[in-house]
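The next block holds one structure in the form of structure tokens; read it before the comments.
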Amino acid sequence: MAEALLKILKTYIKFIKYLIKLPHQFEIIMHFNLNISKKLAFSLLLFAILSMAACSKKEDPKPSPPTPKPNPVPSWDPNAMRGVWVTTTASTALDSRDNIKQMIANCKLAGINHVFIVVYNNARTIYPSTVMQNLTGNKQLERFVGRDPLQECIEEGKAAGLKVHAWFEYGFSSSYSANGGSIIAAKPEWAAKDLNDKLVVKNGFDWLNGIHPQVQQFLIDLFKEVTSKYDLDGVQGDDRLPAMPSTGGYDTFTVNLYKLENGGANPPPSATDAGWLRWRANKLNLFLKRLRTEVKTIKPNILFTMSPSPYPFGYNEYLQDWPTWVDSAWVDAIIPQIYRYNINDYDNALTQQKSYYKNTAVPLYPGVLVKSGSTIQSDALMSQFIQSNRNNGFKGEVFFFYEGLKDKLTWYQGLYPYIK
């Protein structure tokens with residue numbers, strides 16, 4: 001229709017031009033008709049213009065809405081572990097069911113798929129424990145009496161599709177700056193002793209003798225208790241299990257055992273003597289193997305993981321021999337605590353751990369420090385840590401600790417998934 005009107009318009013324009021060019025003698029004769037023609041032409045011109053405008057409105061297609069940008073696809077391996085530790089120290093995450101729901105929701109938003117819930121620290125359990133009640137008379141951490149935060153975490157975590165692990169934070173440490181606390185008060189013979197027959201204390205932590213068979217059985221019983229009682233996906237020891245400061249081992253039981261196995265010789269007075277380090281580390285290795293067997297007998301598919309100090313620091317200072325644990329496949333994953341505050345130190349520590357990592361059938365996931373006290377890592381540094389992990393072939397990590405994750409949800413949602 002627009003084309004037809006345009007033709008009409010062009011015809012009348014030609015007609016107007018023709019009239020204007022007529023000879024003078026016809027001017028008077030044509031004056032009346034010319035006025036009429038001009039008016040007619042003007043009307044038709046106006047009609048054509050309006051019609052063309054209307055047609056153009058009808059015929060012009062409506063602009064199509066902008067194509068929405070597809071959501072970016074996370075670069076991470078969906079099967080890799082992306083975990084976080086949840087503590088009772090400097091955190092209220094476990095203090096109510098609502099807090100637990102919020103904690104799980106935040107973990108889900110952050111892309112976390114494994115949560116490591118503290119179940120034992122400072123001679124207390126967060127769940128009602130028959131083992132602890134029989135040993136110290138304290139069935140549960142006082143602030144949780146009347147509730148079972150572990151069960152609540154399992155229910156909320158599984159509803160959100162997260163794997164839930166029981167984390168034995170204190171391991172062979174009995175207490176913090178409490179002269180051994182209630183455990184040593186109940187069992188003084190369990191205390192780790194140094195060369196001067198004093199309770200072993202390192203960085204404020206009071207220590208049990210991890211070589212003593214009753215101490216070992218105590219931790220085995222705790223692991224078995226949660227494995228039997230709860231629908232857990234995993235159990236975990238850390239830089240204090242299995243572990244003991246290398247200044248320990250001079251208690252009566254351990255000295256007599258060493259003499260029995262070494263032709264009556266006393267342990268070397270140097271805590272860092274190579275043979276003495278090896279002998280004690282081997283005892284803790286055998287404990288770890290037994291602990292795994294006991295747990296797996298109850299629940300074969302449960303994840304049995306450890307998060308030790310970096311090697312060889314952890315070996316020299318705490319008798320932790322994680323390369324042997326991995327080489328022997330006594331763990332289902334190893335998570336060295338690579339807690340650093342700048343990228344150069346982190347890269348060096350990660351490269352060092354990688355050099356001792358031989359049995360790649362056992363996954364290694366670096367432990368990454370997010371927050372400690374009032375210090376929280378920057379977004380840029382967090383991205384560098386994760387980029388270093390990916391560059392070294394490590395597809396996942398575990399973060400310490402939840403309060404840092406909560407503070408950095410923007411980074412976890414906006415940057416973390418896309419680092420490759």
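Each chain in the structure tokens gets a letter, A, B and so on, in the order shown; residues start at 1 in every chain, and ligands are counted from 1 in the order they appear.
For Ser91 (chain A), the non-local neighbours within 9 Å, defined as residues at least 4 positions apart in the same chain or in other chains and counting only C-alpha atoms, are Val86, Thr87, Asp95, Tyr402 and Glu403 of chain A.
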Tell me which protein, DNA and RNA residues are within 8 Å of region 79-84 of chain A, counting only C-alpha atoms, leaving out same-chain ones fewer than 6 positions away, and put them as a PDB file with C-alpha atoms, in the first residue's frame.
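New file out.pdb:
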ATOM      1  CA  GLY A 111      29.465 -23.708  45.540  1.00  0.00           C
ATOM      2  CA  ILE A 112      30.529 -25.865  48.488  1.00  0.00           C
ATOM      3  CA  ASN A 113      29.683 -29.564  48.245  1.00  0.00           C
ATOM      4  CA  HIS A 114      31.366 -30.937  51.419  1.00  0.00           C
ATOM      5  CA  VAL A 115      30.986 -29.522  54.938  1.00  0.00           C
ATOM      6  CA  PHE A 116      33.337 -30.616  57.728  1.00  0.00           C
ATOM      7  CA  TYR A 365      42.935 -31.069  47.895  1.00  0.00           C
ATOM      8  CA  LYS A 395      40.723 -29.567  41.039  1.00  0.00           C
ATOM      9  CA  GLY A 396      39.290 -28.760  44.461  1.00  0.00           C
ATOM     10  CA  GLU A 397      40.121 -27.402  47.901  1.00  0.00           C
ATOM     11  CA  VAL A 398      38.814 -27.077  51.460  1.00  0.00           C
ATOM     12  CA  PHE A 399      38.505 -23.654  53.085  1.00  0.00           C
ATOM     13  CA  PHE A 400      39.213 -22.627  56.658  1.00  0.00           C
ATOM     14  CA  PHE A 401      36.775 -21.594  57.851  1.00  0.00           C
ATOM     15  CA  TYR A 402      33.027 -20.978  57.470  1.00  0.00           C
TER      16      TYR A 402
END
inquiry  = DSSP on the backbone: which residues in region 257-318 of chain A end up as helix (DSSP H, G or I)? Give the answer as a PyMOL selection string.
reply    = chain A and resi 257-261+274-298+313-318
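Among the candidates A:His212, A:Lys198, A:Arg124, A:Arg147, the residue lying nearest to Tyr176 (chain A) is A:Arg124 (atoms considered: only C-alpha atoms).
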Could you pull the residues within 9 Å of region 321-325 of chain A, counting only C-alpha atoms, minus those fewer than 2 positions along the same chain, as a CSV table (one decimal) with N, CA and C atoms, in the first residue's frame?
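This is the output file selection_30.csv:
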chain,number,residue,atom,x,y,z
A,281,ALA,N,56.9,-41.8,64.6
A,281,ALA,CA,56.0,-41.6,63.4
A,281,ALA,C,55.4,-43.0,62.9
A,282,ASN,N,56.2,-44.0,63.0
A,282,ASN,CA,55.7,-45.3,62.6
A,282,ASN,C,54.6,-45.8,63.5
A,284,LEU,N,52.4,-43.9,65.0
A,284,LEU,CA,51.2,-43.2,64.7
A,284,LEU,C,50.7,-43.6,63.3
A,285,ASN,N,51.5,-44.0,62.4
A,285,ASN,CA,51.1,-44.6,61.1
A,285,ASN,C,50.3,-45.9,61.3
A,288,LEU,N,46.8,-45.0,62.5
A,288,LEU,CA,46.0,-44.5,61.4
A,288,LEU,C,45.4,-45.7,60.6
A,289,LYS,N,46.3,-46.7,60.3
A,289,LYS,CA,45.8,-47.8,59.5
A,289,LYS,C,44.7,-48.6,60.3
A,306,MET,N,42.1,-37.1,55.9
A,306,MET,CA,43.0,-36.4,56.9
A,306,MET,C,43.5,-35.1,56.3
A,307,SER,N,43.6,-34.1,57.3
A,307,SER,CA,44.1,-32.8,56.9
A,307,SER,C,45.3,-32.4,57.8
A,308,PRO,N,46.5,-32.9,57.4
A,308,PRO,CA,47.7,-32.7,58.2
A,308,PRO,C,48.4,-31.4,58.0
A,309,SER,N,49.4,-31.1,58.8
A,309,SER,CA,50.3,-30.0,58.5
A,309,SER,C,51.1,-30.4,57.3
A,310,PRO,N,51.6,-29.4,56.6
A,310,PRO,CA,52.5,-29.7,55.4
A,310,PRO,C,53.7,-30.5,55.7
A,311,TYR,N,54.1,-31.3,54.8
A,311,TYR,CA,55.3,-32.2,55.0
A,311,TYR,C,56.5,-31.4,54.3
A,312,PRO,N,57.7,-31.5,55.0
A,312,PRO,CA,58.1,-32.2,56.1
A,312,PRO,C,58.0,-31.5,57.5
A,314,GLY,N,55.3,-31.0,59.2
A,314,GLY,CA,54.4,-31.8,60.0
A,314,GLY,C,55.1,-33.0,60.6
A,315,TYR,N,56.0,-33.6,59.8
A,315,TYR,CA,56.7,-34.8,60.3
A,315,TYR,C,57.7,-34.4,61.3
A,318,TYR,N,55.4,-32.7,64.3
A,318,TYR,CA,54.3,-33.4,64.9
A,318,TYR,C,54.2,-34.9,64.5
A,319,LEU,N,55.3,-35.4,63.9
A,319,LEU,CA,55.3,-36.8,63.6
A,319,LEU,C,54.3,-37.3,62.6
A,327,ASP,N,50.6,-43.1,50.0
A,327,ASP,CA,51.2,-44.1,49.3
A,327,ASP,C,50.6,-45.5,49.7
A,328,SER,N,50.2,-45.6,50.9
A,328,SER,CA,49.6,-46.9,51.4
A,328,SER,C,48.1,-46.9,51.2
A,329,ALA,N,47.5,-45.9,50.7
A,329,ALA,CA,46.1,-45.8,50.5
A,329,ALA,C,45.3,-46.0,51.7
A,330,TRP,N,45.8,-45.4,52.8
A,330,TRP,CA,45.1,-45.5,54.1
A,330,TRP,C,44.1,-44.4,54.3
A,331,VAL,N,44.1,-43.4,53.3
A,331,VAL,CA,43.1,-42.3,53.4
A,331,VAL,C,42.4,-42.3,52.0
A,334,ILE,N,43.6,-36.6,50.9
A,334,ILE,CA,44.5,-35.9,51.8
A,334,ILE,C,44.4,-34.4,51.5
A,336,PRO,N,46.3,-31.3,52.8
A,336,PRO,CA,47.4,-30.5,53.6
A,336,PRO,C,47.0,-29.1,53.8
A,356,TYR,N,55.9,-34.4,47.1
A,356,TYR,CA,55.8,-35.6,47.9
A,356,TYR,C,54.5,-36.5,47.6
A,357,TYR,N,53.7,-36.0,46.6
A,357,TYR,CA,52.5,-36.6,46.3
A,357,TYR,C,52.7,-37.5,45.1
A,358,LYS,N,52.7,-38.8,45.4
A,358,LYS,CA,53.0,-39.8,44.4
A,358,LYS,C,51.8,-40.7,44.0
A,359,ASN,N,51.0,-41.1,44.9
A,359,ASN,CA,49.9,-42.0,44.6
A,359,ASN,C,48.6,-41.1,44.3
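Proximity to Phe168 (chain A) at 8 Å, evaluated using only C-alpha atoms and with sequence-adjacent residues fewer than 4 positions away removed, yields Val118, Val119, Tyr120, Asn121, Val235, Gln236, Gly237, Asp238 and Leu241 of chain A.
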ask   = Taking into account only C-alpha atoms, which residue in the set A:Asp231, A:Asp347, A:Ser355, A:Val370 is nearest to Ile298 (chain A)?
value = A:Asp231
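One finds CA of Thr247 (chain A) at 5.3 Å from CA of Ala271 (chain A).
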Per-residue DSSP, region 138-239 of chain A, filtered to strand (DSSP E or B), as a list in words = Lys163, Val164, His165, Ala166, Trp167, Ser173, Ser174, Ser175, Tyr176, Ala191, Lys193, Leu199, Val201, Lys202, Phe205, Asp206, Trp207, Leu208, Gly234, Val235, Gln236 and Gly237 of chain A
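Considering the residues A:Ser182, A:Thr254, A:Gln353, A:Asn342 and counting only C-alpha atoms, Ser378 (chain A) has its shortest atom-to-atom contact with A:Asn342.
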message = With only C-alpha atoms as the counted atoms, please give the residues lying no more than 6 Å from Asn209 (chain A), apart from itself and same-chain residues fewer than 3 positions off, as a PyMOL selection string.
response = chain A and resi 190-192+212
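Near region 360-364 of chain A, within 6 Å and counting only C-alpha atoms, sit Asp332, Ala333, Ile334 and Ile335 of chain A; same-chain residues fewer than 4 positions away were not included.
Put simply, CA of Leu141 (chain A) is 12.3 Å away from CA of Thr89 (chain A).
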